[in-house]
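J.: Let me give you the structure first, and then I'll get to my questions.
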Amino acid sequence: MKTIIVAKGLDNAIGQDNELLCRLSNDLKFFKKTTSGHLILMGRKTYESINRPLPNRVNVILTNNKNYKAEGCHIVNSITEAEEFFKDYEKIFIIGGAQIYNLFADRVDRYMITQIKANFPDADSHFTDLDYTKLNLIEKTEFKADEKNEYDFDVEIYTVNK
Ligand SMILES: NC(=O)c1ccc[n+]([C@@H]2O[C@H](COP(=O)([O-])OP(=O)(O)OC[C@H]3O[C@@H](n4cnc5c(N)ncnc54)[C@H](OP(=O)(O)O)[C@@H]3O)[C@@H](O)[C@H]2O)c1
């Protein structure tokens, strides 16, 4: 089962200056709980933004650079190589960024979308436009803004009609 997991603004914004747009403590907890124990695939730029392997997960980085090394991470150089690597794992999470979401948009079974209730006009990374007619909303949980969560947001889980 392959899942894209993303936090996006209403305008599809996902990042600025190779950083996330805001800190949502409850979303980070959801992300950690959901992905722990599983494989996460990320682009080289997202990896460099995090700058360490995320604990208790199999960290896989996609890059064109055949000599790229990152301690505690596996490196793949193409989608084919990534898909080959996935075969040994039951749950795969595609964790971004924009380029990697685009590459996998038609290759996943599920989307977990943290829909932040705000626009981010200064963002420089955006999520793929989704065709929601091909998706089934199976779960939606609402979270309210507070001192540790800058904005209201919903976590929406969709399965993809194949
Ligand atoms: N809101 C969220 O949920 C979320 C999640 C993750 C990231 N982000 C944000 O997204 C932004 C980064 O996104 P991005 O699109 O700039 O970068 P990215 O998708 O993280 O990484 C792009 C890199 O992936 C590699 N790559 C892409 N396609 C490839 C292919 N077909 N084969 C081999 N390698 C390939 C290339 O690495 P090389 O250049 O090394 O070849 C490319 O430069 C940041 O602002 C980050 O904070 C947001």
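Every chain in the structure tokens has a letter given in the order shown (A, B, ...), and although residue numbers restart at 1 in each chain, ligands are simply numbered from 1 in the order shown.
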Give me, as a PyMOL selection string, the set of residues whose atoms come within 7 Å of any atom of ligand 1, counting only C-alpha atoms and all ligand atoms.
T.: chain A and resi 5-8+14-21+42-47+49+62-65+77-79+95-101+103+125
J.: For Tyr132 of chain A, work out the shell of residues within 12 Å, counting only C-alpha atoms and skipping chain neighbours fewer than 6 positions away, then give it as a PDB file with N, CA and C atoms, in the first residue's frame.
T.:
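This is the output file part-v4.pdb:
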```pdb
ATOM      1  N   TYR A 111      -4.315   8.800  -0.238  1.00  0.00           N
ATOM      2  CA  TYR A 111      -3.778  10.125   0.090  1.00  0.00           C
ATOM      3  C   TYR A 111      -4.154  10.446   1.530  1.00  0.00           C
ATOM      4  N   ILE A 157      -8.462  11.492   4.708  1.00  0.00           N
ATOM      5  CA  ILE A 157      -7.881  10.278   4.122  1.00  0.00           C
ATOM      6  C   ILE A 157      -8.743   9.850   2.941  1.00  0.00           C
ATOM      7  N   TYR A 158      -8.104   9.687   1.799  1.00  0.00           N
ATOM      8  CA  TYR A 158      -8.793   9.306   0.559  1.00  0.00           C
ATOM      9  C   TYR A 158      -8.203   8.010   0.022  1.00  0.00           C
ATOM     10  N   THR A 159      -9.043   7.154  -0.505  1.00  0.00           N
ATOM     11  CA  THR A 159      -8.538   6.042  -1.311  1.00  0.00           C
ATOM     12  C   THR A 159      -8.723   6.424  -2.781  1.00  0.00           C
ATOM     13  N   VAL A 160      -7.914   5.813  -3.641  1.00  0.00           N
ATOM     14  CA  VAL A 160      -7.940   6.153  -5.072  1.00  0.00           C
ATOM     15  C   VAL A 160      -8.759   5.099  -5.809  1.00  0.00           C
ATOM     16  N   ASN A 161      -9.723   5.562  -6.627  1.00  0.00           N
ATOM     17  CA  ASN A 161     -10.458   4.631  -7.504  1.00  0.00           C
ATOM     18  C   ASN A 161      -9.526   4.181  -8.608  1.00  0.00           C
TER      19      ASN A 161
END
```
J.: Considering only C-alpha atoms, can you say which of A:Lys2, A:Arg107, A:Lys117, A:Arg57 comes closest to Lys33 of chain A?
T.: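 Counting only C-alpha atoms, the residue closest to Lys33 of chain A is A:Arg57.
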J.: Interatomic distance between atom CA of Asn12 of chain A and atom CA of Lys32 of chain A?
T.: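 Computing it gives 21.9 Å between the two atoms.
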J.: List every residue of chain A that DSSP, applied to the backbone, labels as strand (DSSP E), and write the result as a PyMOL selection string.
T.: chain A and resi 2-8+13-15+39-43+58-62+73-76+92-94+110-116+125-126+135-143+153-160
J.: Can you tell me which residues surround segment 71-75 of chain A at a distance of at most 6 Å, considering only C-alpha atoms, apart from same-chain residues fewer than 4 positions away, and format the answer as a list of chain:residue names?
T.: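 These residues fall inside the cut-off: A:Asn59, A:Val60, A:Ile61.
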J.: Write out as a compact mmCIF listing (two decimals) with C-alpha atoms, in the first residue's frame all residues of chain A that backbone DSSP assigns to alpha helix (DSSP H).
T.:
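For reference, result-v4.txt as written:
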```txt
# COMPACT_ATOMS: atom_id res chain seq x y z
CA SER A 25 2.16 20.17 16.56
CA ASN A 26 -0.86 17.86 16.27
CA ASP A 27 -0.13 17.23 12.60
CA LEU A 28 3.50 16.36 13.34
CA LYS A 29 2.22 13.87 15.95
CA PHE A 30 -0.19 12.38 13.37
CA PHE A 31 2.66 12.13 10.83
CA LYS A 32 4.97 10.42 13.33
CA LYS A 33 2.32 7.94 14.50
CA THR A 34 1.22 7.13 10.94
CA THR A 35 4.65 6.64 9.38
CA ARG A 44 16.82 14.91 -1.94
CA LYS A 45 15.75 18.50 -1.21
CA THR A 46 13.25 17.46 1.45
CA TYR A 47 15.89 15.24 3.01
CA GLU A 48 18.32 18.16 3.17
CA SER A 49 15.62 20.30 4.75
CA ILE A 50 15.11 17.67 7.51
CA ILE A 79 11.29 5.65 -9.86
CA THR A 80 11.99 2.12 -11.08
CA GLU A 81 14.68 1.65 -8.47
CA ALA A 82 12.36 3.08 -5.79
CA GLU A 83 9.51 0.71 -6.79
CA GLU A 84 11.94 -2.21 -6.70
CA PHE A 85 13.03 -1.22 -3.19
CA PHE A 86 9.37 -0.93 -2.06
CA ALA A 98 6.64 18.85 -4.66
CA GLN A 99 8.66 17.00 -7.32
CA ILE A 100 8.29 13.64 -5.60
CA TYR A 101 4.53 14.12 -5.05
CA ASN A 102 4.19 14.85 -8.77
CA LEU A 103 6.14 11.74 -9.73
CA PHE A 104 3.99 9.48 -7.55
```
J.: Restricting the calculation to only C-alpha atoms: of A:Leu10, A:Val155, A:Ala145, A:Ile92, which residue gets closest to Ile113 of chain A?
T.: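 Comparing A:Leu10, A:Val155, A:Ala145, A:Ile92 against Ile113 of chain A, the winner is A:Val155.
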J.: Please indicate the distance in Å from atom CA of Asn136 of chain A to atom CA of Thr114 of chain A, rounded to one decimal place.
T.: 15.5 Å
J.: Between A:Ile116, A:Ala123, A:Ala70, A:Leu24, which has the minimum distance to Asn149 of chain A (counting only C-alpha atoms)?
T.: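 Result for the nearest residue to Asn149 of chain A: A:Leu24.
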J.: To one decimal place, how far is atom CA of Gly37 of chain A from atom CA of Asp88 of chain A in Å?
T.: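 According to the coordinates, atom CA of Gly37 of chain A and atom CA of Asp88 of chain A are separated by 13.3 Å.
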